Structures are given as C-alpha cells and as structure tokens.
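Novice: Structure below; questions to follow.
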Protein chains: 2
Amino acid sequence: MSEKKPTAKVVHYADVPAAEFGDEAPGVSIRLLIDAEHDGAPVYVLRMIEVSPGCSTPDHRHPFEHENFVVEGTGEVVIEGECHKVAEGDVVFVPPDVQHTYRNTGEGTLRFLCGIPK
Amino acid sequence: MSEKKPTAKVVHYADVPAAEFGDEAPGVSIRLLIDAEHDGAPVYVLRMIEVSPGCSTPDHRHPFEHENFVVEGTGEVVIEGECHKVAEGDVVFVPPDVQHTYRNTGEGTLRFLCGIPK
C-alpha cells in the first residue's frame with residue numbers, strides 16, 4: 001500500500017469518529033486523531049481512548065510503548081501490578097512489553113490521549 | 001551516551017519543570033513530559049508548550065512533524081500561511097518541512113501538547 005503524503009490538519013477530537021473496541025473491552029472506544037492512513041503520520045499515531053464508568057481497557061502487553069495524557073475523568077492505571085490513580089492532566093508512560101490496563105472509577109467518561117509508534 | 005531503559009511513570013504535567021524558550025520566543029515555555037533522556041522514550045517525545053497571552057511560538061519549519069492537542073486556552077496556528085483558530089480539544093497535525101507558528105489570542109495561557117520524534 002502506498003503511504004499517504006503527510007497533510008496538515010486541524011480538527012476537534014469529537015469530530016473524529018469513535019470505533020468501539022467490542023468484546024475485548026466493552027464500553028471502550030477509540031478515535032484515530034492522527035494516523036498514517038489518513039494523515040500520513042510519519043512516526044507515531046495519536047488516538048483518543050474513551051472508557052465508560054466501571055469499564056476497563058484490555059489488560060495486556062505489547063512490544064511498543066504508550067504515551068498517555070488524561071484529558072478528562074478519573075480512574076486508575078495498573079502497570080505491571082502497580083496501581084496508580086489518574087485524573088485530568090496526568091501523564092502516563094507505559095514502556096514496551098509491560099502489562100497495563102486503565103479502569104474508569106469515576107462517574108463520567110474517562111478520556112485519555114494515547115500515542116503509539118505507527 | 002547510553003540510552004536510559006524505558007521506565008514507567010505517572011506524573012501530573014504541572015509537576016514537570018517548565019523551561020523558558022528565551023529570546024527566540026518570549027512568553028513561551030516547554031515541559032518535557034516524556035523524553036528519551038529521563039524516561040527512555042523509544043520513538044517520540046511528548047512536551048507541553050505554554051504560551052502567554054499575546055505571545056507566539058517560533059515561526060519556523062523543520063524536517064520533523066508535530067502532533068498537537070490543545071489542552072487549554074484559545075489561539076491560532078498558522079500553517080504554511082493558512083490561519084486556523086484553535087481551542088481546547090483541537091487536534092493539529094503539522095507535517096514535516098512546513099512553516100508554522102502558534103499565537104495566543106486569548107486572555108489566559110494557551111497550553112498544548114506537542115509530540116515529536118525523539
């Protein structure tokens with residue numbers, strides 16, 4: 001597949017479609033804010049993850065890192081068995097190959113940015 | 001210089017020190033939220049840029065892209081001569097080798113995330 005040429009864009013995150021994770025993580029959705037396919041992102045992809053109250057992202061590990069920023073809501077992230085409370089303005093670095101999951105412990109949506117290598 | 005091993009971290013952005021840009025961009029500061037030196041970021045670096053009212057980031061271009069997310073405030077970004085208004089929740093992709101500058105047109109701090117390749 002030929003790669004898209006990097007193209008400037010300004011968009012509100014809420015205008016980018018949200019896709020459900022599905023059975024793997026009920027109540028969790030993802031918006032591809034800047035990606036390789038549509039925007040020609042050369043190095044990494046920026047997504048918005050949204051977690052409904054009481055729901056969790058997959059408890060998994062993978063060979064690439066996450067760089068997260070909590071935009072809204074309250075919850076916790078468990079990284080290799082260690083639980084950290086998170087809220088708006090928190091920055092989270094999840095290294096490659098480390099087990100991790102986010103859980104929404106609040107009343108509203110937990111919303112965080114998640115960058116990964118493309 | 002040997003690279004730091006990627007290390008998990010959870011921190012509020014305001015607890016990361018802010019450095020002034022200096023003469024190149026008065027009223028602008030930067031926080032290295034996740035970087036290679038301290039955190040072992042493998043692929044890209046996440047920074048928080050803060051612009052005082054009436055001030056601007058350098059009007060420049062460089063061979064790497066920006067992936068931005070506006071956390072707070074109002075302003076405009078000029079990308080290759082085209083001006084876009086921006087506010088909280090806006091996502092901006094600035095491709096490599098494209099002229100760009102942000103200006104704070106509001107009353108409070110304009111604060112946005114800025115990811116670049118490490």
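Here, A, B, ... name the chains of the structure tokens in the order displayed, residue numbers run from 1 inside each chain, and ligands are numbered from 1 in the same displayed order.
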Would you list the contacts of Val16 (chain B) as a PyMOL selection string, taking every protein, DNA or RNA residue within 8 Å and counting only C-alpha atoms, but skipping same-chain residues closer than 6 positions in sequence?
Specialist: chain B and resi 31-33
Novice: Taking C-alpha atoms for each residue, export the selection above as a JSON list (two decimals), in the first residue's frame.
Specialist:
```json
[["chain", "number", "residue", "atom", "x", "y", "z"],
["B", 31, "ARG", "CA", 7.81, 20.94, 29.78],
["B", 32, "LEU", "CA", 9.43, 17.65, 28.70],
["B", 33, "LEU", "CA", 6.64, 15.33, 29.88]]
```
Novice: With only C-alpha atoms considered, list every residue of chain B at most 10 Å from chain A, as a ChimeraX atom specification.
Specialist: /B:5-16,33-35,39-46,64-71,77,79-80,84-96,98,113,115-118
Novice: The selected residues should be written to file as a tab-separated table (two decimals), in the first residue's frame (atoms: C-alpha atoms).
Specialist:
```
chain	number	residue	atom	x	y	z
B	5	LYS	CA	15.88	1.94	29.77
B	6	PRO	CA	12.17	2.77	29.25
B	7	THR	CA	10.69	3.28	32.72
B	8	ALA	CA	7.01	3.56	33.68
B	9	LYS	CA	5.90	6.90	35.05
B	10	VAL	CA	2.72	8.62	36.20
B	11	VAL	CA	3.03	12.36	36.86
B	12	HIS	CA	0.86	15.47	36.66
B	13	TYR	CA	2.07	17.72	33.85
B	14	ALA	CA	2.31	20.69	36.23
B	15	ASP	CA	4.87	18.79	38.33
B	16	VAL	CA	7.26	18.61	35.37
B	33	LEU	CA	6.64	15.33	29.88
B	34	ILE	CA	8.09	12.11	28.45
B	35	ASP	CA	11.54	12.13	26.87
B	39	ASP	CA	12.21	8.14	30.62
B	40	GLY	CA	13.82	6.15	27.81
B	41	ALA	CA	11.05	7.08	25.33
B	42	PRO	CA	11.85	4.77	22.40
B	43	VAL	CA	10.20	6.59	19.49
B	44	TYR	CA	8.83	10.02	20.27
B	45	VAL	CA	8.90	12.72	22.91
B	46	LEU	CA	5.85	14.36	24.49
B	64	PHE	CA	10.10	16.54	11.60
B	65	GLU	CA	6.37	16.73	12.25
B	66	HIS	CA	4.32	17.97	15.23
B	67	GLU	CA	1.28	16.20	16.62
B	68	ASN	CA	-0.55	18.70	18.85
B	69	PHE	CA	-3.55	18.66	21.16
B	70	VAL	CA	-4.88	21.87	22.69
B	71	VAL	CA	-5.44	21.35	26.41
B	77	VAL	CA	-2.00	28.32	14.35
B	79	ILE	CA	0.46	26.54	8.84
B	80	GLU	CA	2.12	27.45	5.54
B	84	HIS	CA	-6.74	28.24	11.84
B	85	LYS	CA	-8.44	29.19	15.11
B	86	VAL	CA	-7.79	26.66	17.86
B	87	ALA	CA	-9.28	25.97	21.29
B	88	GLU	CA	-9.48	23.20	23.90
B	89	GLY	CA	-9.89	19.78	22.33
B	90	ASP	CA	-8.48	20.68	18.93
B	91	VAL	CA	-6.01	18.33	17.29
B	92	VAL	CA	-3.34	19.75	14.94
B	93	PHE	CA	-1.03	17.83	12.64
B	94	VAL	CA	1.89	19.89	11.30
B	95	PRO	CA	3.71	17.84	8.62
B	96	PRO	CA	7.50	17.87	8.29
B	98	VAL	CA	6.06	23.10	6.78
B	113	LEU	CA	0.71	19.03	23.87
B	115	GLY	CA	4.80	15.27	20.19
B	116	ILE	CA	7.93	15.00	18.05
B	117	PRO	CA	10.20	12.11	17.05
B	118	LYS	CA	12.91	11.63	19.67
```
Novice: Among chain B, which ones does DSSP place in strand (DSSP E or B), written as a ChimeraX atom specification?
Specialist: /B:9-12,18-20,28-34,44-51,56,60,66-72,74-79,82-87,90-94,100-104,110-117
Novice: Now that the selection is made, can you save its residues with C-alpha atoms as a PDB file, in the first residue's frame?
Specialist:
```pdb
ATOM      1  CA  LYS B   9       5.900   6.899  35.052  1.00  0.00           C
ATOM      2  CA  VAL B  10       2.725   8.625  36.204  1.00  0.00           C
ATOM      3  CA  VAL B  11       3.031  12.364  36.863  1.00  0.00           C
ATOM      4  CA  HIS B  12       0.857  15.467  36.658  1.00  0.00           C
ATOM      5  CA  ALA B  18       8.922  24.331  32.641  1.00  0.00           C
ATOM      6  CA  ALA B  19      11.858  25.852  30.742  1.00  0.00           C
ATOM      7  CA  GLU B  20      11.596  29.223  29.004  1.00  0.00           C
ATOM      8  CA  VAL B  28       6.700  30.639  25.768  1.00  0.00           C
ATOM      9  CA  SER B  29       7.783  27.701  27.912  1.00  0.00           C
ATOM     10  CA  ILE B  30       8.129  23.960  27.473  1.00  0.00           C
ATOM     11  CA  ARG B  31       7.813  20.942  29.775  1.00  0.00           C
ATOM     12  CA  LEU B  32       9.426  17.654  28.704  1.00  0.00           C
ATOM     13  CA  LEU B  33       6.643  15.333  29.883  1.00  0.00           C
ATOM     14  CA  ILE B  34       8.092  12.109  28.448  1.00  0.00           C
ATOM     15  CA  TYR B  44       8.828  10.022  20.271  1.00  0.00           C
ATOM     16  CA  VAL B  45       8.899  12.718  22.914  1.00  0.00           C
ATOM     17  CA  LEU B  46       5.847  14.359  24.493  1.00  0.00           C
ATOM     18  CA  ARG B  47       6.090  18.005  25.563  1.00  0.00           C
ATOM     19  CA  MET B  48       3.675  20.610  26.930  1.00  0.00           C
ATOM     20  CA  ILE B  49       4.013  24.048  25.358  1.00  0.00           C
ATOM     21  CA  GLU B  50       2.633  27.068  27.236  1.00  0.00           C
ATOM     22  CA  VAL B  51       2.144  30.429  25.544  1.00  0.00           C
ATOM     23  CA  SER B  56       3.790  33.294  19.798  1.00  0.00           C
ATOM     24  CA  HIS B  60       9.747  28.160  11.715  1.00  0.00           C
ATOM     25  CA  HIS B  66       4.321  17.974  15.231  1.00  0.00           C
ATOM     26  CA  GLU B  67       1.283  16.199  16.621  1.00  0.00           C
ATOM     27  CA  ASN B  68      -0.547  18.697  18.847  1.00  0.00           C
ATOM     28  CA  PHE B  69      -3.549  18.655  21.155  1.00  0.00           C
ATOM     29  CA  VAL B  70      -4.877  21.873  22.688  1.00  0.00           C
ATOM     30  CA  VAL B  71      -5.438  21.349  26.411  1.00  0.00           C
ATOM     31  CA  GLU B  72      -6.472  24.878  27.390  1.00  0.00           C
ATOM     32  CA  THR B  74      -7.587  29.927  22.655  1.00  0.00           C
ATOM     33  CA  GLY B  75      -5.340  30.960  19.831  1.00  0.00           C
ATOM     34  CA  GLU B  76      -4.472  30.422  16.235  1.00  0.00           C
ATOM     35  CA  VAL B  77      -2.000  28.320  14.355  1.00  0.00           C
ATOM     36  CA  VAL B  78      -0.647  29.470  11.001  1.00  0.00           C
ATOM     37  CA  ILE B  79       0.463  26.537   8.836  1.00  0.00           C
ATOM     38  CA  GLU B  82      -3.125  29.428   6.403  1.00  0.00           C
ATOM     39  CA  CYS B  83      -4.577  30.572   9.734  1.00  0.00           C
ATOM     40  CA  HIS B  84      -6.739  28.238  11.836  1.00  0.00           C
ATOM     41  CA  LYS B  85      -8.436  29.189  15.107  1.00  0.00           C
ATOM     42  CA  VAL B  86      -7.793  26.663  17.864  1.00  0.00           C
ATOM     43  CA  ALA B  87      -9.275  25.967  21.291  1.00  0.00           C
ATOM     44  CA  ASP B  90      -8.479  20.683  18.933  1.00  0.00           C
ATOM     45  CA  VAL B  91      -6.006  18.330  17.288  1.00  0.00           C
ATOM     46  CA  VAL B  92      -3.343  19.751  14.939  1.00  0.00           C
ATOM     47  CA  PHE B  93      -1.031  17.834  12.641  1.00  0.00           C
ATOM     48  CA  VAL B  94       1.890  19.889  11.304  1.00  0.00           C
ATOM     49  CA  HIS B 100       4.147  27.042  11.373  1.00  0.00           C
ATOM     50  CA  THR B 101       3.556  29.228  14.418  1.00  0.00           C
ATOM     51  CA  TYR B 102       1.036  29.297  17.266  1.00  0.00           C
ATOM     52  CA  ARG B 103      -0.253  32.564  18.741  1.00  0.00           C
ATOM     53  CA  ASN B 104      -2.213  33.015  21.943  1.00  0.00           C
ATOM     54  CA  LEU B 110      -2.596  28.717  25.697  1.00  0.00           C
ATOM     55  CA  ARG B 111      -1.449  25.213  26.566  1.00  0.00           C
ATOM     56  CA  PHE B 112      -0.963  22.415  24.063  1.00  0.00           C
ATOM     57  CA  LEU B 113       0.709  19.027  23.868  1.00  0.00           C
ATOM     58  CA  CYS B 114       3.388  18.634  21.212  1.00  0.00           C
ATOM     59  CA  GLY B 115       4.802  15.272  20.188  1.00  0.00           C
ATOM     60  CA  ILE B 116       7.928  14.999  18.050  1.00  0.00           C
ATOM     61  CA  PRO B 117      10.201  12.111  17.048  1.00  0.00           C
TER      62      PRO B 117
END
```
Novice: Take chain B, superimpose it onto chain A by least squares using every C-alpha atom paired in sequence order, and output the result as a PDB file with C-alpha atoms, in the first residue's frame.
Specialist:
```
ATOM      1  CA  MET B   1       0.001   0.009   0.015  1.00  0.00           C
ATOM      2  CA  SER B   2       1.438   3.400  -0.893  1.00  0.00           C
ATOM      3  CA  GLU B   3       1.721   5.766   2.060  1.00  0.00           C
ATOM      4  CA  LYS B   4      -0.242   8.979   2.201  1.00  0.00           C
ATOM      5  CA  LYS B   5       1.793  12.185   2.009  1.00  0.00           C
ATOM      6  CA  PRO B   6       1.780  13.993   5.394  1.00  0.00           C
ATOM      7  CA  THR B   7      -1.052  16.541   5.235  1.00  0.00           C
ATOM      8  CA  ALA B   8      -1.776  19.387   7.664  1.00  0.00           C
ATOM      9  CA  LYS B   9      -4.995  19.118   9.622  1.00  0.00           C
ATOM     10  CA  VAL B  10      -6.866  20.971  12.351  1.00  0.00           C
ATOM     11  CA  VAL B  11      -9.896  19.164  13.787  1.00  0.00           C
ATOM     12  CA  HIS B  12     -11.748  18.916  17.089  1.00  0.00           C
ATOM     13  CA  TYR B  13     -11.271  15.461  18.594  1.00  0.00           C
ATOM     14  CA  ALA B  14     -15.037  14.990  18.928  1.00  0.00           C
ATOM     15  CA  ASP B  15     -15.408  15.341  15.145  1.00  0.00           C
ATOM     16  CA  VAL B  16     -13.215  12.274  14.581  1.00  0.00           C
ATOM     17  CA  PRO B  17     -15.342   9.079  14.517  1.00  0.00           C
ATOM     18  CA  ALA B  18     -15.164   6.755  17.531  1.00  0.00           C
ATOM     19  CA  ALA B  19     -14.931   2.987  16.994  1.00  0.00           C
ATOM     20  CA  GLU B  20     -15.925   0.508  19.698  1.00  0.00           C
ATOM     21  CA  PHE B  21     -13.271  -1.936  20.907  1.00  0.00           C
ATOM     22  CA  GLY B  22     -15.993  -4.578  21.046  1.00  0.00           C
ATOM     23  CA  ASP B  23     -15.992  -7.785  23.067  1.00  0.00           C
ATOM     24  CA  GLU B  24     -12.357  -7.399  24.103  1.00  0.00           C
ATOM     25  CA  ALA B  25     -13.202  -4.237  26.065  1.00  0.00           C
ATOM     26  CA  PRO B  26     -16.903  -3.371  26.364  1.00  0.00           C
ATOM     27  CA  GLY B  27     -17.567   0.313  27.002  1.00  0.00           C
ATOM     28  CA  VAL B  28     -14.287   1.402  25.439  1.00  0.00           C
ATOM     29  CA  SER B  29     -13.921   3.312  22.181  1.00  0.00           C
ATOM     30  CA  ILE B  30     -11.081   4.794  20.170  1.00  0.00           C
ATOM     31  CA  ARG B  31     -10.714   7.775  17.828  1.00  0.00           C
ATOM     32  CA  LEU B  32      -7.773   7.834  15.397  1.00  0.00           C
ATOM     33  CA  LEU B  33      -6.942  11.539  15.718  1.00  0.00           C
ATOM     34  CA  ILE B  34      -3.771  11.486  13.599  1.00  0.00           C
ATOM     35  CA  ASP B  35      -2.782   8.318  11.772  1.00  0.00           C
ATOM     36  CA  ALA B  36      -0.691   7.048   8.892  1.00  0.00           C
ATOM     37  CA  GLU B  37      -3.517   6.040   6.571  1.00  0.00           C
ATOM     38  CA  HIS B  38      -5.483   9.331   6.563  1.00  0.00           C
ATOM     39  CA  ASP B  39      -2.860  11.891   7.567  1.00  0.00           C
ATOM     40  CA  GLY B  40       0.472  10.375   6.570  1.00  0.00           C
ATOM     41  CA  ALA B  41       1.786  10.474  10.164  1.00  0.00           C
ATOM     42  CA  PRO B  42       5.471   9.610   9.645  1.00  0.00           C
ATOM     43  CA  VAL B  43       6.449   8.263  13.076  1.00  0.00           C
ATOM     44  CA  TYR B  44       3.615   7.814  15.531  1.00  0.00           C
ATOM     45  CA  VAL B  45      -0.155   7.741  15.732  1.00  0.00           C
ATOM     46  CA  LEU B  46      -2.288   9.778  18.141  1.00  0.00           C
ATOM     47  CA  ARG B  47      -5.554   8.275  19.396  1.00  0.00           C
ATOM     48  CA  MET B  48      -8.213   9.268  21.932  1.00  0.00           C
ATOM     49  CA  ILE B  49      -9.402   6.434  24.158  1.00  0.00           C
ATOM     50  CA  GLU B  50     -12.764   6.776  25.927  1.00  0.00           C
ATOM     51  CA  VAL B  51     -13.775   4.479  28.773  1.00  0.00           C
ATOM     52  CA  SER B  52     -17.305   4.364  30.215  1.00  0.00           C
ATOM     53  CA  PRO B  53     -17.761   4.339  34.021  1.00  0.00           C
ATOM     54  CA  GLY B  54     -16.844   0.954  35.518  1.00  0.00           C
ATOM     55  CA  CYS B  55     -15.218  -0.270  32.298  1.00  0.00           C
ATOM     56  CA  SER B  56     -11.569  -1.117  31.557  1.00  0.00           C
ATOM     57  CA  THR B  57      -9.172  -1.182  28.634  1.00  0.00           C
ATOM     58  CA  PRO B  58      -7.690  -4.597  27.761  1.00  0.00           C
ATOM     59  CA  ASP B  59      -5.259  -5.906  30.407  1.00  0.00           C
ATOM     60  CA  HIS B  60      -2.424  -6.692  28.026  1.00  0.00           C
ATOM     61  CA  ARG B  61       1.153  -6.091  26.969  1.00  0.00           C
ATOM     62  CA  HIS B  62       2.758  -5.460  23.575  1.00  0.00           C
ATOM     63  CA  PRO B  63       6.215  -4.671  22.229  1.00  0.00           C
ATOM     64  CA  PHE B  64       5.515  -0.952  21.769  1.00  0.00           C
ATOM     65  CA  GLU B  65       5.075   1.817  24.324  1.00  0.00           C
ATOM     66  CA  HIS B  66       2.135   4.109  25.175  1.00  0.00           C
ATOM     67  CA  GLU B  67       2.453   7.812  25.877  1.00  0.00           C
ATOM     68  CA  ASN B  68      -0.791   8.913  27.554  1.00  0.00           C
ATOM     69  CA  PHE B  69      -2.323  12.169  28.732  1.00  0.00           C
ATOM     70  CA  VAL B  70      -5.567  12.194  30.716  1.00  0.00           C
ATOM     71  CA  VAL B  71      -7.922  14.785  29.236  1.00  0.00           C
ATOM     72  CA  GLU B  72     -10.984  14.161  31.406  1.00  0.00           C
ATOM     73  CA  GLY B  73     -12.361  11.914  34.137  1.00  0.00           C
ATOM     74  CA  THR B  74     -10.875   9.827  36.916  1.00  0.00           C
ATOM     75  CA  GLY B  75      -9.602   6.297  37.032  1.00  0.00           C
ATOM     76  CA  GLU B  76      -6.636   4.117  37.680  1.00  0.00           C
ATOM     77  CA  VAL B  77      -3.942   2.555  35.587  1.00  0.00           C
ATOM     78  CA  VAL B  78      -2.318  -0.705  36.652  1.00  0.00           C
ATOM     79  CA  ILE B  79       1.207  -1.060  35.251  1.00  0.00           C
ATOM     80  CA  GLU B  80       2.940  -4.373  35.947  1.00  0.00           C
ATOM     81  CA  GLY B  81       0.754  -4.892  39.040  1.00  0.00           C
ATOM     82  CA  GLU B  82       1.199  -1.399  40.451  1.00  0.00           C
ATOM     83  CA  CYS B  83      -1.957   0.723  40.665  1.00  0.00           C
ATOM     84  CA  HIS B  84      -1.824   4.496  40.121  1.00  0.00           C
ATOM     85  CA  LYS B  85      -4.794   6.854  40.440  1.00  0.00           C
ATOM     86  CA  VAL B  86      -5.136   9.167  37.452  1.00  0.00           C
ATOM     87  CA  ALA B  87      -7.116  12.317  36.686  1.00  0.00           C
ATOM     88  CA  GLU B  88      -7.148  15.252  34.258  1.00  0.00           C
ATOM     89  CA  GLY B  89      -3.658  16.491  33.467  1.00  0.00           C
ATOM     90  CA  ASP B  90      -1.842  13.296  34.376  1.00  0.00           C
ATOM     91  CA  VAL B  91       0.848  11.988  32.050  1.00  0.00           C
ATOM     92  CA  VAL B  92       1.492   8.223  31.857  1.00  0.00           C
ATOM     93  CA  PHE B  93       4.373   6.456  30.160  1.00  0.00           C
ATOM     94  CA  VAL B  94       3.832   2.714  29.667  1.00  0.00           C
ATOM     95  CA  PRO B  95       7.112   1.151  28.435  1.00  0.00           C
ATOM     96  CA  PRO B  96       7.156  -1.603  25.808  1.00  0.00           C
ATOM     97  CA  ASP B  97       6.410  -5.183  26.976  1.00  0.00           C
ATOM     98  CA  VAL B  98       4.794  -4.135  30.249  1.00  0.00           C
ATOM     99  CA  GLN B  99       1.347  -5.345  31.373  1.00  0.00           C
ATOM    100  CA  HIS B 100      -1.163  -2.496  31.705  1.00  0.00           C
ATOM    101  CA  THR B 101      -4.854  -1.647  31.953  1.00  0.00           C
ATOM    102  CA  TYR B 102      -6.879   1.507  32.600  1.00  0.00           C
ATOM    103  CA  ARG B 103     -10.116   1.451  34.607  1.00  0.00           C
ATOM    104  CA  ASN B 104     -12.685   4.211  34.887  1.00  0.00           C
ATOM    105  CA  THR B 105     -13.515   4.583  38.602  1.00  0.00           C
ATOM    106  CA  GLY B 106     -15.454   7.845  38.195  1.00  0.00           C
ATOM    107  CA  GLU B 107     -18.977   8.904  37.257  1.00  0.00           C
ATOM    108  CA  GLY B 108     -18.219  10.342  33.810  1.00  0.00           C
ATOM    109  CA  THR B 109     -16.228   9.254  30.773  1.00  0.00           C
ATOM    110  CA  LEU B 110     -12.515   8.659  31.296  1.00  0.00           C
ATOM    111  CA  ARG B 111     -10.832  10.156  28.250  1.00  0.00           C
ATOM    112  CA  PHE B 112      -7.121   9.978  27.526  1.00  0.00           C
ATOM    113  CA  LEU B 113      -4.758  10.505  24.617  1.00  0.00           C
ATOM    114  CA  CYS B 114      -2.663   7.512  23.602  1.00  0.00           C
ATOM    115  CA  GLY B 115       0.303   7.769  21.258  1.00  0.00           C
ATOM    116  CA  ILE B 116       1.917   4.680  19.750  1.00  0.00           C
ATOM    117  CA  PRO B 117       4.506   4.120  17.012  1.00  0.00           C
ATOM    118  CA  LYS B 118       2.788   3.899  13.630  1.00  0.00           C
TER     119      LYS B 118
END
```
Novice: Could you find all residues in chain A that DSSP calls helix (DSSP H, G or I) from the backbone, and write them as a ChimeraX atom specification?
Specialist: /A:13-15,36-39
